[in-house]
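A.B. asks: Contents of my_file.cif (mmCIF, C-alpha atoms and all ligand atoms) are below:
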```cif
data_run
#
loop_
_atom_site.group_PDB
_atom_site.id
_atom_site.type_symbol
_atom_site.label_atom_id
_atom_site.label_comp_id
_atom_site.auth_asym_id
_atom_site.auth_seq_id
_atom_site.Cartn_x
_atom_site.Cartn_y
_atom_site.Cartn_z
ATOM 1 C CA MET A 1 83.110 169.185 105.815
ATOM 2 C CA VAL A 2 80.909 171.013 108.293
ATOM 3 C CA ARG A 3 78.641 168.748 110.228
ATOM 4 C CA ILE A 4 75.933 169.636 112.637
ATOM 5 C CA HIS A 5 74.499 166.796 114.627
ATOM 6 C CA ALA A 6 70.771 166.927 114.974
ATOM 7 C CA GLY A 7 69.941 167.346 118.630
ATOM 8 C CA GLN A 8 73.496 168.176 119.593
ATOM 9 C CA PRO A 9 72.712 171.403 121.500
ATOM 10 C CA ASP A 10 70.155 169.545 123.590
ATOM 11 C CA PHE A 11 72.667 166.854 124.328
ATOM 12 C CA PHE A 12 75.033 169.327 125.936
ATOM 13 C CA LEU A 13 72.385 171.453 127.575
ATOM 14 C CA SER A 14 70.939 168.407 129.249
ATOM 15 C CA GLN A 15 74.377 167.533 130.616
ATOM 16 C CA GLY A 16 74.448 170.937 132.285
ATOM 17 C CA HIS A 17 78.207 171.287 131.899
ATOM 18 C CA PHE A 18 80.115 174.432 131.149
ATOM 19 C CA MET A 19 82.356 174.102 128.144
ATOM 20 C CA ASN A 20 85.406 176.266 127.839
ATOM 21 C CA ASP A 21 85.071 177.529 124.306
ATOM 22 C CA TRP A 22 88.499 179.090 124.000
ATOM 23 C CA GLN A 23 91.143 176.492 123.735
ATOM 24 C CA ILE A 24 94.355 175.693 121.986
ATOM 25 C CA GLN A 25 95.015 172.189 120.837
ATOM 26 C CA THR A 26 98.414 171.418 119.447
ATOM 27 C CA ARG A 27 98.837 168.971 116.622
ATOM 28 C CA ALA A 28 100.075 165.558 117.687
ATOM 29 C CA SER A 29 103.355 164.248 116.279
ATOM 30 C CA GLU A 30 102.177 160.660 116.404
ATOM 31 C CA CYS A 31 98.911 158.846 115.742
ATOM 32 C CA GLN A 32 96.679 158.972 118.816
ATOM 33 C CA GLY A 33 95.182 155.646 117.813
ATOM 34 C CA CYS A 34 98.193 153.381 117.263
ATOM 35 C CA GLY A 35 101.038 155.584 118.515
ATOM 36 C CA ARG A 36 103.070 155.512 115.308
ATOM 37 C CA ARG A 37 104.962 158.710 114.563
ATOM 38 C CA PHE A 38 103.674 160.816 111.720
ATOM 39 C CA SER A 39 106.086 161.290 108.863
ATOM 40 C CA ASP A 40 106.539 164.567 107.037
ATOM 41 C CA ARG A 41 103.758 165.340 104.527
ATOM 42 C CA GLN A 42 101.632 162.362 105.541
ATOM 43 C CA PRO A 43 97.872 162.852 105.692
ATOM 44 C CA TYR A 44 96.011 162.512 108.981
ATOM 45 C CA HIS A 45 92.463 162.830 110.258
ATOM 46 C CA THR A 46 91.404 164.965 113.207
ATOM 47 C CA LEU A 47 88.379 164.372 115.402
ATOM 48 C CA LEU A 48 87.254 167.071 117.837
ATOM 49 C CA TRP A 49 85.537 165.517 120.833
ATOM 50 C CA ALA A 50 83.364 167.458 123.253
ATOM 51 C CA ASP A 51 84.284 166.056 126.642
ATOM 52 C CA ALA A 52 81.348 167.256 128.719
ATOM 53 C CA ASP A 53 82.744 165.876 131.988
ATOM 54 C CA ALA A 54 86.020 167.722 131.615
ATOM 55 C CA GLY A 55 84.251 170.783 130.182
ATOM 56 C CA ARG A 56 86.572 171.004 127.224
ATOM 57 C CA TYR A 57 87.191 169.919 123.689
ATOM 58 C CA ARG A 58 89.697 167.215 123.001
ATOM 59 C CA ARG A 59 91.514 166.935 119.739
ATOM 60 C CA GLN A 60 92.535 163.545 118.383
ATOM 61 C CA ASP A 61 94.826 163.153 115.382
ATOM 62 C CA VAL A 62 94.905 159.690 113.814
ATOM 63 C CA CYS A 63 96.630 158.064 110.856
ATOM 64 C CA PRO A 64 94.638 156.994 107.773
ATOM 65 C CA GLU A 65 94.804 153.315 108.806
ATOM 66 C CA CYS A 66 93.304 153.993 112.239
ATOM 67 C CA TRP A 67 90.736 156.258 110.602
ATOM 68 C CA GLU A 68 89.613 153.496 108.261
ATOM 69 C CA THR A 69 89.621 150.692 110.798
ATOM 70 C CA ARG A 70 88.048 152.494 113.727
ATOM 71 C CA TYR A 71 87.508 156.232 113.787
ATOM 72 C CA ARG A 72 85.496 156.706 110.627
ATOM 73 C CA GLN A 73 82.790 154.649 112.288
ATOM 74 C CA GLU A 74 83.116 156.460 115.629
ATOM 75 C CA ALA A 75 82.900 159.846 113.951
ATOM 76 C CA ARG A 76 79.639 158.772 112.381
ATOM 77 C CA THR A 77 78.017 157.259 115.448
ATOM 78 C CA ARG A 78 79.318 159.187 118.475
ATOM 79 C CA PRO A 79 77.512 162.479 119.113
ATOM 80 C CA GLU A 80 80.507 163.743 121.162
ATOM 81 C CA VAL A 81 82.453 164.101 117.909
ATOM 82 C CA VAL A 82 81.503 167.677 117.075
ATOM 83 C CA SER A 83 83.885 168.289 114.211
ATOM 84 C CA LEU A 84 86.354 166.490 111.989
ATOM 85 C CA TRP A 85 88.737 167.311 109.190
ATOM 86 C CA ARG A 86 91.736 166.056 107.279
ATOM 87 C CA GLY A 87 95.179 167.562 107.339
ATOM 88 C CA VAL A 88 98.709 166.999 106.127
ATOM 89 C CA TYR A 89 101.371 166.626 108.789
ATOM 90 C CA GLU A 90 104.399 168.863 108.489
ATOM 91 C CA ALA A 91 107.422 167.947 110.529
ATOM 92 C CA PRO A 92 108.465 170.907 112.679
ATOM 93 C CA PRO A 93 111.612 172.681 111.507
ATOM 94 C CA PRO A 94 114.734 172.095 113.584
ATOM 95 C CA PRO A 95 114.736 174.451 116.597
ATOM 96 C CA ARG A 96 117.412 176.943 115.663
ATOM 97 C CA GLU A 97 115.987 180.172 116.951
ATOM 98 C CA PRO A 98 113.050 180.997 119.214
ATOM 99 C CA ILE A 99 109.780 181.303 117.334
ATOM 100 C CA GLN A 100 108.944 184.950 116.766
ATOM 101 C CA ARG A 101 105.315 185.269 117.672
ATOM 102 C CA ASP A 102 103.044 187.966 116.500
ATOM 103 C CA ALA A 103 101.752 190.124 119.385
ATOM 104 C CA ALA A 104 98.156 189.232 118.560
ATOM 105 C CA GLU A 105 99.016 185.528 118.621
ATOM 106 C CA SER A 106 100.775 185.765 121.992
ATOM 107 C CA LEU A 107 97.788 187.552 123.472
ATOM 108 C CA LEU A 108 95.337 185.074 121.954
ATOM 109 C CA ARG A 109 97.270 182.181 123.487
ATOM 110 C CA GLN A 110 97.300 183.885 126.888
ATOM 111 C CA LEU A 111 93.570 184.535 126.738
ATOM 112 C CA CYS A 112 92.821 180.958 125.690
ATOM 113 C CA GLU A 113 94.851 179.673 128.620
ATOM 114 C CA ARG A 114 93.092 182.065 131.001
ATOM 115 C CA GLY A 115 89.661 180.936 129.773
ATOM 116 C CA ASP A 116 87.955 183.980 131.311
ATOM 117 C CA PRO A 117 84.554 184.493 129.637
ATOM 118 C CA ARG A 118 84.907 188.261 130.052
ATOM 119 C CA TYR A 119 87.421 188.146 127.198
ATOM 120 C CA ARG A 120 85.121 186.239 124.871
ATOM 121 C CA SER A 121 84.802 189.122 122.410
ATOM 122 C CA ALA A 122 88.495 190.004 122.553
ATOM 123 C CA VAL A 123 89.432 186.409 121.727
ATOM 124 C CA TYR A 124 87.193 186.497 118.698
ATOM 125 C CA ILE A 125 88.559 189.833 117.443
ATOM 126 C CA LEU A 126 92.130 188.571 117.817
ATOM 127 C CA ALA A 127 91.295 185.422 115.873
ATOM 128 C CA VAL A 128 89.784 187.505 113.071
ATOM 129 C CA MET A 129 92.875 189.747 113.060
ATOM 130 C CA MET A 130 95.098 186.689 112.732
ATOM 131 C CA GLU A 131 92.897 185.261 110.021
ATOM 132 C CA ARG A 132 93.364 188.465 108.019
ATOM 133 C CA LYS A 133 97.110 188.175 108.466
ATOM 134 C CA ARG A 134 96.790 184.578 107.202
ATOM 135 C CA LEU A 135 98.183 183.217 110.447
ATOM 136 C CA LEU A 136 94.949 181.388 111.148
ATOM 137 C CA ARG A 137 92.346 179.900 108.867
ATOM 138 C CA VAL A 138 88.871 178.674 109.661
ATOM 139 C CA LYS A 139 89.031 174.924 109.442
ATOM 140 C CA GLU A 140 85.559 174.098 110.635
ATOM 141 C CA GLN A 141 82.605 175.565 112.427
ATOM 142 C CA PHE A 142 79.821 174.022 114.399
ATOM 143 C CA TRP A 143 76.969 175.042 116.648
ATOM 144 C CA ARG A 144 76.613 174.288 120.330
ATOM 145 C CA ASP A 145 73.935 175.577 122.702
ATOM 146 C CA GLY A 146 72.883 178.049 120.023
ATOM 147 C CA CYS A 147 76.411 179.476 119.714
ATOM 148 C CA ARG A 148 78.623 179.221 116.694
ATOM 149 C CA ILE A 149 82.079 177.808 117.424
ATOM 150 C CA PHE A 150 84.882 178.415 114.946
ATOM 151 C CA VAL A 151 87.714 175.935 114.713
ATOM 152 C CA TYR A 152 90.736 177.963 113.652
ATOM 153 C CA GLU A 153 93.910 176.246 112.525
ATOM 154 C CA HIS A 154 97.305 177.895 112.720
ATOM 155 C CA THR A 155 98.661 177.893 109.174
ATOM 156 C CA ARG A 156 102.231 177.080 110.236
ATOM 157 C CA THR A 157 102.019 174.919 113.334
ATOM 158 C CA GLY A 158 98.664 173.185 112.819
ATOM 159 C CA ASP A 159 97.595 174.205 116.345
ATOM 160 C CA VAL A 160 93.857 174.489 116.672
ATOM 161 C CA PHE A 161 91.992 177.267 118.469
ATOM 162 C CA THR A 162 88.316 176.825 119.255
ATOM 163 C CA VAL A 163 86.735 180.256 119.395
ATOM 164 C CA GLN A 164 83.143 181.100 120.160
ATOM 165 C CA ASP A 165 81.444 183.632 117.935
ATOM 166 C CA PRO A 166 80.305 186.344 120.407
ATOM 167 C CA ALA A 167 77.681 187.537 117.878
ATOM 168 C CA LEU A 168 78.886 191.114 118.306
ATOM 169 C CA LYS A 169 76.586 193.935 117.429
ATOM 170 C CA LEU A 170 78.013 196.733 115.346
ATOM 171 C CA SER A 171 77.465 199.093 118.274
ATOM 172 C CA GLU A 172 79.686 196.917 120.511
ATOM 173 C CA LEU A 173 82.567 196.724 118.084
ATOM 174 C CA ASP A 174 84.282 199.999 118.998
ATOM 175 C CA GLU A 175 84.504 199.079 122.629
ATOM 176 C CA VAL A 176 85.886 195.615 121.946
ATOM 177 C CA GLN A 177 88.461 196.972 119.520
ATOM 178 C CA ARG A 178 89.590 199.464 122.130
ATOM 179 C CA GLU A 179 89.846 196.654 124.662
ATOM 180 C CA VAL A 180 91.970 194.583 122.270
ATOM 181 C CA ALA A 181 94.211 197.556 121.502
ATOM 182 C CA ARG A 182 94.635 198.170 125.217
ATOM 183 C CA LEU A 183 95.482 194.520 125.891
ATOM 184 C CA LEU A 184 98.010 194.494 123.058
ATOM 185 C CA GLU A 185 99.618 197.639 124.372
ATOM 186 C CA GLN A 186 99.549 197.000 128.104
ATOM 187 C CA GLY A 187 99.375 193.236 128.315
ATOM 188 C CA LEU A 188 96.894 191.042 130.109
ATOM 189 C CA PRO A 189 96.068 192.204 133.657
ATOM 190 C CA PRO A 190 96.671 189.614 136.406
ATOM 191 C CA ALA A 191 93.957 186.986 136.812
ATOM 192 C CA GLY A 192 91.195 188.162 139.109
ATOM 193 C CA SER A 193 91.463 191.834 138.299
ATOM 194 C CA ASP A 194 88.690 193.568 136.439
ATOM 195 C CA PRO A 195 89.553 194.029 132.747
ATOM 196 C CA GLY A 196 87.130 196.916 132.459
ATOM 197 C CA SER A 197 88.557 198.899 135.379
ATOM 198 C CA ASP A 198 90.899 201.045 133.359
ATOM 199 C CA PRO A 199 88.741 203.860 131.995
ATOM 200 C CA GLY A 200 91.739 206.146 131.490
ATOM 201 C CA ALA A 201 93.047 204.051 128.615
ATOM 202 C CA THR A 202 89.856 203.706 126.634
ATOM 203 C CA GLY A 203 90.276 206.979 124.778
ATOM 204 C CA GLU A 204 93.432 205.763 123.030
ATOM 205 C CA THR A 205 92.678 204.470 119.580
ATOM 206 C CA GLY A 206 95.738 205.572 117.660
ATOM 207 C CA THR A 207 97.756 202.389 118.175
ATOM 208 C CA GLU A 208 98.707 200.067 115.379
ATOM 209 C CA ALA A 209 96.603 197.403 116.994
ATOM 210 C CA ALA A 210 93.482 199.492 116.698
ATOM 211 C CA MET A 211 94.311 200.233 113.091
ATOM 212 C CA ALA A 212 94.823 196.571 112.334
ATOM 213 C CA ALA A 213 91.657 195.483 114.064
ATOM 214 C CA PRO A 214 88.936 194.499 111.636
ATOM 215 C CA ASP A 215 86.173 197.004 111.170
ATOM 216 C CA ALA A 216 83.461 194.450 110.601
ATOM 217 C CA PRO A 217 84.185 190.945 111.814
ATOM 218 C CA ALA A 218 80.558 189.920 111.497
ATOM 219 C CA ARG A 219 80.248 186.910 109.262
ATOM 220 C CA PRO A 220 77.525 186.163 106.778
HETATM 221 ZN ZN ZN A 301 97.263 155.006 113.745
#
```
Starting from the file, give its structure as structure tokens.
Ligand SMILES: [Zn+2]

C.D. replies:
Amino acid sequence: MVRIHAGQPDFFLSQGHFMNDWQIQTRASECQGCGRRFSDRQPYHTLLWADADAGRYRRQDVCPECWETRYRQEARTRPEVVSLWRGVYEAPPPPREPIQRDAAESLLRQLCERGDPRYRSAVYILAVMMERKRLLRVKEQFWRDGCRIFVYEHTRTGDVFTVQDPALKLSELDEVQREVARLLEQGLPPAGSDPGSDPGATGETGTEAAMAAPDAPARP
């Protein structure tokens, strides 16, 4: 259900706002139209709004009733709705033990929270790595300002990651993979420091992370 609004890139360009294209949006546990709690296995509809003033995307999960009575119409008429899809709500399991997160997932979440455009390519590579591990799947994609944005959904939690396609050239791939391997090994440097200021580590490619990194994340 990919939709591309005619004129949408112009709409955002003319607003002159920066959009943070790396975001995590958790799935709501109740309808964000009427407030009723979702029950296990019930279907829901998601609208992804581009909030130009806030410079971010906003996810809205609504129940089928609210979808029919209100949001189906809004999705059709409001240009700020850049993407929409249907899902099935799964009640979270009882919290018995801390969630074991994959190293790539932890790093991706950190980078999304940081929102530093210097990590644009690393974010994309991590998302592709997680897609190959079936931790993420591409739910939607849309275009904005000439850039492709992937909407990735976490297969277990339903969290949504919006990730910009950096349109990597093959010649840039090695360097980005080394950067990702370095980040996985050494962690994210403190905000404000230069991520490229560690030339001593760039020669290391023998880590598991580098092996697991995709060799050709370019998409058709
Ligand atoms: Zn509702």

A.B. asks: Quick one: axis-aligned box around all listed atoms of region 135-141 of chain A, 4 Å on every side, centre and edge lengths in Å to one decimal, written as JSON.

C.D. replies:
```
{"center_x": 90.4, "center_y": 178.7, "center_z": 110.6, "size_x": 23.6, "size_y": 17.1, "size_z": 11.6}
```

A.B. asks: Just want the 9 Å neighbourhood of Pro43 (chain A), counted on all atoms listed in the file, with same-chain residues fewer than 6 positions away dropped. Output as a list in words.

C.D. replies: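 Residues meeting the cut-off are Cys63, Pro64, Arg86, Gly87, Val88 and Tyr89 of chain A.
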
A.B. asks: Quick one, how far is CA of Leu136 (chain A) from CA of Gln164 (chain A)?

C.D. replies: 14.9 Å

A.B. asks: CA of Leu111 (chain A) and CA of Val123 (chain A) are how many Å apart?

C.D. replies: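 Going from CA of Leu111 (chain A) over to CA of Val123 (chain A), I get 6.8 Å.
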
A.B. asks: Given a cut-off of 10 Å, what residues near ligand ZN 301 (chain A) show up using all atoms listed in the file, put as a list in words?

C.D. replies: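 Within the 10 Å cut-off, the matching residues are Glu30, Cys31, Gln32, Gly33, Cys34, Gly35, Arg36, Arg37, Phe38, Tyr44, His45, Asp61, Val62, Cys63, Pro64, Glu65, Cys66, Trp67, Glu68, Thr69, Arg70 and Tyr71 of chain A.
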
A.B. asks: With only C-alpha atoms as the counted atoms, please give the residues lying no more than 7 Å from region 47-54 of chain A, apart from itself and same-chain residues fewer than 6 positions off, as a PyMOL selection string.

C.D. replies: chain A and resi 17+19+60-61+80-85

A.B. asks: Write a file of the selected residues as a PDB file, in the frame of the given file, keeping C-alpha atoms.

C.D. replies:
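Final file, selection29.pdb:
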```pdb
ATOM      1  CA  HIS A  17      78.207 171.287 131.899  1.00  0.00           C
ATOM      2  CA  MET A  19      82.356 174.102 128.144  1.00  0.00           C
ATOM      3  CA  GLN A  60      92.535 163.545 118.383  1.00  0.00           C
ATOM      4  CA  ASP A  61      94.826 163.153 115.382  1.00  0.00           C
ATOM      5  CA  GLU A  80      80.507 163.743 121.162  1.00  0.00           C
ATOM      6  CA  VAL A  81      82.453 164.101 117.909  1.00  0.00           C
ATOM      7  CA  VAL A  82      81.503 167.677 117.075  1.00  0.00           C
ATOM      8  CA  SER A  83      83.885 168.289 114.211  1.00  0.00           C
ATOM      9  CA  LEU A  84      86.354 166.490 111.989  1.00  0.00           C
ATOM     10  CA  TRP A  85      88.737 167.311 109.190  1.00  0.00           C
TER      11      TRP A  85
END
```

A.B. asks: Between CA of Glu179 (chain A) and CA of Ile125 (chain A), measure the distance and give it in Å to one decimal.

C.D. replies: 10.0 Å

A.B. asks: Taking all atoms listed in the file into account, which of A:Ala122, A:Ala75, A:Met130, A:Leu170 comes nearest Arg101 (chain A)?

C.D. replies: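 Closest residue, counting all atoms listed in the file: A:Met130.
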
A.B. asks: Would you mind telling me which residue in A:Glu90, A:Glu153, A:Glu74, A:Glu172 lies nearest to Lys139 (chain A) when using only C-alpha atoms?

C.D. replies: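 So, comparing all the options, the nearest one is A:Glu153.
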